[in-house]
>>> print(open('upload.cif').read())   # mmCIF, C-alpha atoms and all ligand atoms
data_start
loop_
_atom_site.label_atom_id
_atom_site.label_comp_id
_atom_site.auth_asym_id
_atom_site.auth_seq_id
_atom_site.Cartn_x
_atom_site.Cartn_y
_atom_site.Cartn_z
CA MET I 18 2.45 16.49 55.05
CA ILE I 19 4.05 19.93 54.73
CA LYS I 20 1.89 22.91 53.87
CA ILE I 21 2.80 26.54 53.17
CA ILE I 22 0.75 29.04 55.15
CA HIS I 23 0.62 32.84 55.02
CA LEU I 24 -0.17 34.85 58.10
CA THR I 25 0.74 38.02 59.94
CA VAL I 26 3.04 37.60 62.93
CA ASN I 27 3.62 40.56 65.19
CA GLY I 28 2.50 42.90 62.44
CA ALA I 29 4.72 41.49 59.69
CA PRO I 30 3.69 39.14 56.88
CA ALA I 31 5.11 35.63 57.19
CA GLU I 32 5.22 32.60 54.89
CA VAL I 33 5.89 29.41 56.82
CA ALA I 34 6.20 25.75 55.85
CA VAL I 35 4.47 23.69 58.54
CA ASP I 36 3.59 20.09 59.17
CA GLU I 37 -0.19 19.70 59.07
CA ARG I 38 -0.08 18.14 62.56
CA GLU I 39 2.09 20.87 64.07
CA SER I 40 0.73 23.08 66.84
CA LEU I 41 0.83 26.85 66.59
CA THR I 42 3.08 26.78 69.68
CA ASP I 43 5.67 24.67 67.90
CA MET I 44 5.51 26.73 64.75
CA LEU I 45 6.03 30.00 66.62
CA ARG I 46 8.83 28.65 68.81
CA GLN I 47 10.72 26.39 66.44
CA ARG I 48 10.17 27.89 63.02
CA LEU I 49 9.97 31.59 63.93
CA GLY I 50 12.09 31.65 67.11
CA LEU I 51 9.37 33.30 69.20
CA THR I 52 10.31 31.62 72.46
CA SER I 53 8.18 33.87 74.65
CA VAL I 54 5.45 31.35 73.78
CA LYS I 55 5.93 28.73 76.48
CA LYS I 56 5.22 25.02 76.42
CA GLY I 57 3.63 23.97 79.69
CA CYS I 58 0.93 21.32 79.87
CA GLU I 59 0.32 21.17 76.09
CA ALA I 60 -3.24 20.20 77.01
CA GLY I 61 -5.03 23.54 77.23
CA GLU I 62 -4.90 23.79 81.01
CA CYS I 63 -2.10 26.17 82.01
CA GLY I 64 -2.24 29.15 79.62
CA ALA I 65 1.56 29.34 79.24
CA CYS I 66 1.26 29.08 75.44
CA THR I 67 -1.29 31.91 75.11
CA VAL I 68 -1.02 34.13 72.03
CA LEU I 69 -3.41 36.67 70.52
CA LEU I 70 -5.08 35.27 67.42
CA ASP I 71 -6.94 38.04 65.60
CA GLY I 72 -6.87 39.85 68.93
CA LYS I 73 -8.29 37.02 71.03
CA ALA I 74 -6.23 35.14 73.61
CA VAL I 75 -6.01 31.46 72.67
CA ASN I 76 -4.05 28.46 73.86
CA SER I 77 -1.69 27.93 70.94
CA CYS I 78 -0.92 24.37 72.06
CA LEU I 79 -4.46 23.36 71.10
CA TYR I 80 -4.45 25.26 67.82
CA LEU I 81 -2.96 23.77 64.69
CA ALA I 82 -0.50 25.98 62.84
CA VAL I 83 -2.37 25.40 59.56
CA TRP I 84 -5.51 26.93 61.09
CA ALA I 85 -3.60 30.22 61.45
CA ASP I 86 -3.37 30.54 57.66
CA GLY I 87 -4.67 34.01 56.78
CA HIS I 88 -4.85 35.17 60.38
CA SER I 89 -2.92 37.52 62.64
CA VAL I 90 -0.85 36.31 65.57
CA ILE I 91 0.66 38.47 68.29
CA THR I 92 3.20 37.24 70.82
CA VAL I 93 4.97 39.14 73.58
CA GLU I 94 7.80 39.89 71.13
CA GLY I 95 5.32 42.09 69.26
CA ILE I 96 3.73 44.23 71.97
CA ARG I 97 6.40 46.81 72.75
CA GLU I 98 5.40 50.41 72.31
CA LYS I 99 6.64 52.14 69.15
CA ASN I 100 9.13 54.13 71.25
CA GLY I 101 10.64 50.89 72.55
CA LEU I 102 9.10 51.09 76.00
CA LEU I 103 7.37 48.13 77.60
CA HIS I 104 3.66 47.72 76.97
CA PRO I 105 1.71 49.19 79.93
CA VAL I 106 0.67 45.67 80.97
CA GLN I 107 4.31 44.55 81.05
CA GLN I 108 5.27 47.65 83.01
CA ALA I 109 2.49 47.00 85.52
CA PHE I 110 3.76 43.43 86.03
CA VAL I 111 7.22 44.87 86.76
CA ASP I 112 5.89 47.59 89.06
CA GLU I 113 3.69 45.20 91.03
CA ALA I 114 6.35 42.45 91.28
CA ALA I 115 3.98 40.06 89.51
CA ILE I 116 6.82 37.94 88.09
CA GLN I 117 9.04 35.31 89.64
CA CYS I 118 10.27 32.61 87.27
CA GLY I 119 8.37 34.28 84.43
CA PHE I 120 7.11 31.09 82.82
CA CYS I 121 3.46 32.10 83.05
CA THR I 122 4.12 35.78 82.40
CA PRO I 123 3.92 36.04 78.58
CA GLY I 124 0.53 34.34 78.55
CA LEU I 125 -0.83 36.44 81.38
CA VAL I 126 0.50 39.62 79.80
CA LEU I 127 -1.21 38.79 76.49
CA THR I 128 -4.49 38.16 78.26
CA GLY I 129 -3.94 41.57 79.87
CA VAL I 130 -3.35 43.13 76.44
CA GLU I 131 -6.61 41.61 75.22
CA LEU I 132 -8.38 43.20 78.20
CA VAL I 133 -6.77 46.59 77.51
CA ASN I 134 -7.81 46.37 73.87
CA SER I 135 -11.40 45.63 74.88
CA GLY I 136 -11.63 49.25 76.00
CA ARG I 137 -13.52 48.47 79.20
CA ARG I 138 -12.57 48.12 82.83
CA TYR I 139 -12.96 45.11 85.09
CA THR I 140 -13.65 44.41 88.74
CA ARG I 141 -11.13 42.34 90.66
CA GLU I 142 -13.56 39.42 90.60
CA GLU I 143 -13.92 39.72 86.84
CA LEU I 144 -10.13 39.83 86.49
CA ARG I 145 -9.85 36.74 88.64
CA GLU I 146 -12.22 34.96 86.25
CA LYS I 147 -10.36 36.29 83.18
CA ILE I 148 -7.05 34.79 84.34
CA SER I 149 -8.56 31.54 85.55
CA GLY I 150 -7.08 29.73 82.55
CA HIS I 151 -3.54 30.68 83.58
CA LEU I 152 -1.53 28.65 86.05
CA CYS I 153 1.19 30.46 87.98
CA ARG I 154 3.33 28.08 89.97
CA CYS I 155 5.22 30.69 91.97
CA THR I 156 4.01 34.25 92.29
CA GLY I 157 0.62 33.75 93.81
CA TYR I 158 -2.14 35.59 92.10
CA GLU I 159 -2.51 38.70 94.23
CA ASN I 160 0.35 40.62 92.61
CA ILE I 161 -0.80 39.53 89.16
CA LEU I 162 -4.29 40.83 89.94
CA ASN I 163 -2.76 44.05 91.32
CA ALA I 164 -0.91 44.51 88.03
CA LEU I 165 -3.97 43.92 85.89
CA GLU I 166 -6.09 46.11 88.14
CA LYS I 167 -3.59 48.91 87.63
CA VAL I 168 -4.23 48.97 83.87
CA VAL I 169 -7.80 47.73 83.45
CA GLY I 170 -9.32 47.77 86.94
CA VAL I 171 -12.54 49.53 87.86
CA LYS I 172 -11.89 52.92 89.37
CA PRO I 173 -12.84 52.79 93.08
CA ALA I 174 -15.59 55.30 93.94
CA GLY I 175 -14.06 58.69 94.65
CA GLU I 176 -10.52 57.65 93.70
CA GLU I 177 -8.34 58.18 90.67
CA ASN I 178 -6.89 55.15 88.93
CA ARG I 179 -3.29 54.57 89.88
CA THR I 180 -2.07 54.63 86.28
FE1 LIG L 201 -0.99 25.32 76.24
FE2 LIG L 201 -0.64 24.67 78.81
S1 LIG L 201 0.84 24.70 77.19
S2 LIG L 201 -2.42 25.51 77.85
FE1 LIG L 202 6.63 31.33 87.81
FE2 LIG L 202 4.19 32.30 87.28
S1 LIG L 202 6.00 33.43 87.84
S2 LIG L 202 4.89 30.30 86.97
#
>>> encode(input="upload.cif", output="structure tokens")
Amino acid sequence: MIKIIHLTVNGAPAEVAVDERESLTDMLRQRLGLTSVKKGCEAGECGACTVLLDGKAVNSCLYLAVWADGHSVITVEGIREKNGLLHPVQQAFVDEAAIQCGFCTPGLVLTGVELVNSGRRYTREELREKISGHLCRCTGYENILNALEKVVGVKPAGEENRT
């Protein structure tokens, strides 16, 4: 059954007709063309489909589109700075060579944005735990952790943050 939902997507109001059984991933990709949202396992295990829902990182493959009615969704298409520059998390991924095929990158970046928005800083061990829901098949996690540490890492005693 088709239902009309109203939500905010990347800061703009949207009215979308969705099948009641449709995942948020499919709605964002197929109905709104937001293909940064990746389809990996579609079982909640790889994090490739991560979006920010009311500011919280969620696996959109496990979330029905109809549940997003009245909520706010952010994808990587919506995180650029107002001046057009990359978001600091995206820039850190570039600077630290934390990307190879890029399939996992949008989800990891959005988890990074959630951490930035939390306003606190994290130890490397905490960051490791925070990205534990994301599967990267190629990069290895050290560069990804380096990137996240650059923007939300704990300042080592006696040192300035690298950002
Ligand atoms: Fe959603 Fe893997 S595609 S967690
Ligand atoms: Fe290829 Fe992570 S860069 S899956």
>>> atom_distance(input="upload.cif", atom1="CA of Asp36 (chain I)", atom2="CA of Gly50 (chain I)")
16.4 Å
>>> residues_around(input="upload.cif", residues="Ile19 (chain I)", least_positions_apart="5", cutoff="12 Å", atoms="only C-alpha atoms", output="PyMOL selection string")
chain I and resi 33-39+82-83
>>> residues_near_ligand(input="upload.cif", ligand="ligand LIG 202 (chain L)", cutoff="7 Å", atoms="all atoms listed in the file", output="ChimeraX atom specification")
/I:116-122,152-156
>>> axis_aligned_box(input="upload.cif", around="ligand LIG 201 (chain L)", padding_each_side="5 Å", output="JSON")
{"center_x": -0.8, "center_y": 25.1, "center_z": 77.5, "size_x": 13.3, "size_y": 10.8, "size_z": 12.6}
>>> residues_near_ligand(input="upload.cif", ligand="ligand LIG 201 (chain L)", cutoff="10 Å", atoms="only C-alpha atoms and all ligand atoms", output="list in words")
Ser40, Leu41, Thr42, Val54, Lys55, Lys56, Gly57, Cys58, Glu59, Ala60, Gly61, Glu62, Cys63, Gly64, Ala65, Cys66, Thr67, Val68, Val75, Asn76, Ser77, Cys78, Leu79, Tyr80, Cys121, Gly124, Gly150, His151 and Leu152 of chain I
>>> closest_residue(input="upload.cif", among="I:Glu113, I:Gly28, I:Thr52, I:Val171", to="Thr140 (chain I)", atoms="all atoms listed in the file")
I:Val171
>>> closest_residue(input="upload.cif", among="I:Arg145, I:Lys99, I:Lys20, I:Lys73", to="Glu131 (chain I)", atoms="all atoms listed in the file")
I:Lys73
>>> closest_residue(input="upload.cif", among="I:Leu127, I:Val133, I:Val90, I:Ala114", to="Leu162 (chain I)", atoms="only C-alpha atoms")
I:Ala114
>>> decode(input="upload.cif", residues="region 61-75 of chain I", atoms="all heavy atoms", output="PDB file, in the first residue's frame")
ATOM      1  N   GLY I  61      21.599  -4.936   8.510  1.00  0.00           N
ATOM      2  CA  GLY I  61      22.025  -4.234   9.715  1.00  0.00           C
ATOM      3  C   GLY I  61      23.412  -4.588  10.208  1.00  0.00           C
ATOM      4  O   GLY I  61      23.751  -4.312  11.357  1.00  0.00           O
ATOM      5  N   GLU I  62      24.257  -5.128   9.335  1.00  0.00           N
ATOM      6  CA  GLU I  62      25.565  -5.591   9.814  1.00  0.00           C
ATOM      7  C   GLU I  62      26.772  -4.872   9.237  1.00  0.00           C
ATOM      8  O   GLU I  62      27.880  -5.068   9.721  1.00  0.00           O
ATOM      9  CB  GLU I  62      25.686  -7.096   9.531  1.00  0.00           C
ATOM     10  CG  GLU I  62      24.685  -7.873  10.369  1.00  0.00           C
ATOM     11  CD  GLU I  62      24.801  -9.364  10.212  1.00  0.00           C
ATOM     12  OE1 GLU I  62      25.595  -9.812   9.370  1.00  0.00           O
ATOM     13  OE2 GLU I  62      24.077 -10.067  10.932  1.00  0.00           O
ATOM     14  N   CYS I  63      26.591  -4.042   8.199  1.00  0.00           N
ATOM     15  CA  CYS I  63      27.785  -3.458   7.568  1.00  0.00           C
ATOM     16  C   CYS I  63      27.877  -1.944   7.692  1.00  0.00           C
ATOM     17  O   CYS I  63      28.947  -1.374   7.488  1.00  0.00           O
ATOM     18  CB  CYS I  63      27.857  -3.861   6.101  1.00  0.00           C
ATOM     19  SG  CYS I  63      26.700  -2.960   5.032  1.00  0.00           S
ATOM     20  N   GLY I  64      26.781  -1.263   7.970  1.00  0.00           N
ATOM     21  CA  GLY I  64      26.816   0.189   8.157  1.00  0.00           C
ATOM     22  C   GLY I  64      26.875   1.005   6.876  1.00  0.00           C
ATOM     23  O   GLY I  64      26.896   2.234   6.921  1.00  0.00           O
ATOM     24  N   ALA I  65      26.889   0.355   5.712  1.00  0.00           N
ATOM     25  CA  ALA I  65      27.018   1.099   4.449  1.00  0.00           C
ATOM     26  C   ALA I  65      25.829   2.023   4.197  1.00  0.00           C
ATOM     27  O   ALA I  65      25.945   3.020   3.493  1.00  0.00           O
ATOM     28  CB  ALA I  65      27.163   0.122   3.284  1.00  0.00           C
ATOM     29  N   CYS I  66      24.683   1.688   4.772  1.00  0.00           N
ATOM     30  CA  CYS I  66      23.441   2.431   4.521  1.00  0.00           C
ATOM     31  C   CYS I  66      23.180   3.509   5.578  1.00  0.00           C
ATOM     32  O   CYS I  66      22.094   4.079   5.605  1.00  0.00           O
ATOM     33  CB  CYS I  66      22.277   1.446   4.546  1.00  0.00           C
ATOM     34  SG  CYS I  66      22.116   0.679   6.185  1.00  0.00           S
ATOM     35  N   THR I  67      24.187   3.778   6.416  1.00  0.00           N
ATOM     36  CA  THR I  67      23.980   4.708   7.543  1.00  0.00           C
ATOM     37  C   THR I  67      23.551   6.100   7.073  1.00  0.00           C
ATOM     38  O   THR I  67      24.123   6.661   6.140  1.00  0.00           O
ATOM     39  CB  THR I  67      25.292   4.836   8.350  1.00  0.00           C
ATOM     40  OG1 THR I  67      25.628   3.551   8.863  1.00  0.00           O
ATOM     41  CG2 THR I  67      25.153   5.832   9.491  1.00  0.00           C
ATOM     42  N   VAL I  68      22.527   6.638   7.734  1.00  0.00           N
ATOM     43  CA  VAL I  68      22.130   8.042   7.557  1.00  0.00           C
ATOM     44  C   VAL I  68      21.943   8.629   8.956  1.00  0.00           C
ATOM     45  O   VAL I  68      21.911   7.889   9.948  1.00  0.00           O
ATOM     46  CB  VAL I  68      20.819   8.189   6.744  1.00  0.00           C
ATOM     47  CG1 VAL I  68      20.978   7.593   5.349  1.00  0.00           C
ATOM     48  CG2 VAL I  68      19.630   7.573   7.474  1.00  0.00           C
ATOM     49  N   LEU I  69      21.843   9.947   9.025  1.00  0.00           N
ATOM     50  CA  LEU I  69      21.509  10.578  10.307  1.00  0.00           C
ATOM     51  C   LEU I  69      20.009  10.805  10.350  1.00  0.00           C
ATOM     52  O   LEU I  69      19.439  11.478   9.475  1.00  0.00           O
ATOM     53  CB  LEU I  69      22.250  11.903  10.476  1.00  0.00           C
ATOM     54  CG  LEU I  69      23.771  11.822  10.547  1.00  0.00           C
ATOM     55  CD1 LEU I  69      24.368  13.217  10.760  1.00  0.00           C
ATOM     56  CD2 LEU I  69      24.233  10.868  11.648  1.00  0.00           C
ATOM     57  N   LEU I  70      19.370  10.225  11.343  1.00  0.00           N
ATOM     58  CA  LEU I  70      17.931  10.388  11.540  1.00  0.00           C
ATOM     59  C   LEU I  70      17.754  11.198  12.817  1.00  0.00           C
ATOM     60  O   LEU I  70      18.133  10.732  13.902  1.00  0.00           O
ATOM     61  CB  LEU I  70      17.259   9.020  11.669  1.00  0.00           C
ATOM     62  CG  LEU I  70      15.747   9.078  11.804  1.00  0.00           C
ATOM     63  CD1 LEU I  70      15.086   9.173  10.435  1.00  0.00           C
ATOM     64  CD2 LEU I  70      15.219   7.860  12.547  1.00  0.00           C
ATOM     65  N   ASP I  71      17.247  12.412  12.665  1.00  0.00           N
ATOM     66  CA  ASP I  71      17.179  13.345  13.798  1.00  0.00           C
ATOM     67  C   ASP I  71      18.534  13.411  14.499  1.00  0.00           C
ATOM     68  O   ASP I  71      18.620  13.442  15.732  1.00  0.00           O
ATOM     69  CB  ASP I  71      16.069  12.935  14.780  1.00  0.00           C
ATOM     70  CG  ASP I  71      14.683  13.022  14.157  1.00  0.00           C
ATOM     71  OD1 ASP I  71      14.503  13.794  13.191  1.00  0.00           O
ATOM     72  OD2 ASP I  71      13.786  12.304  14.623  1.00  0.00           O
ATOM     73  N   GLY I  72      19.580  13.397  13.706  1.00  0.00           N
ATOM     74  CA  GLY I  72      20.942  13.568  14.230  1.00  0.00           C
ATOM     75  C   GLY I  72      21.641  12.306  14.676  1.00  0.00           C
ATOM     76  O   GLY I  72      22.821  12.339  15.004  1.00  0.00           O
ATOM     77  N   LYS I  73      20.933  11.192  14.718  1.00  0.00           N
ATOM     78  CA  LYS I  73      21.520   9.927  15.181  1.00  0.00           C
ATOM     79  C   LYS I  73      21.812   9.019  13.993  1.00  0.00           C
ATOM     80  O   LYS I  73      20.953   8.860  13.109  1.00  0.00           O
ATOM     81  CB  LYS I  73      20.552   9.186  16.120  1.00  0.00           C
ATOM     82  CG  LYS I  73      20.274   9.922  17.401  1.00  0.00           C
ATOM     83  CD  LYS I  73      21.382   9.635  18.408  1.00  0.00           C
ATOM     84  CE  LYS I  73      21.186  10.442  19.678  1.00  0.00           C
ATOM     85  NZ  LYS I  73      22.439  10.915  20.269  1.00  0.00           N
ATOM     86  N   ALA I  74      22.980   8.398  14.007  1.00  0.00           N
ATOM     87  CA  ALA I  74      23.337   7.477  12.931  1.00  0.00           C
ATOM     88  C   ALA I  74      22.509   6.201  13.058  1.00  0.00           C
ATOM     89  O   ALA I  74      22.487   5.562  14.111  1.00  0.00           O
ATOM     90  CB  ALA I  74      24.828   7.161  13.006  1.00  0.00           C
ATOM     91  N   VAL I  75      21.820   5.851  11.972  1.00  0.00           N
ATOM     92  CA  VAL I  75      21.013   4.622  11.968  1.00  0.00           C
ATOM     93  C   VAL I  75      21.264   3.857  10.672  1.00  0.00           C
ATOM     94  O   VAL I  75      21.631   4.436   9.653  1.00  0.00           O
ATOM     95  CB  VAL I  75      19.496   4.902  12.091  1.00  0.00           C
ATOM     96  CG1 VAL I  75      19.157   5.629  13.363  1.00  0.00           C
ATOM     97  CG2 VAL I  75      18.977   5.672  10.884  1.00  0.00           C
TER      98      VAL I  75
END
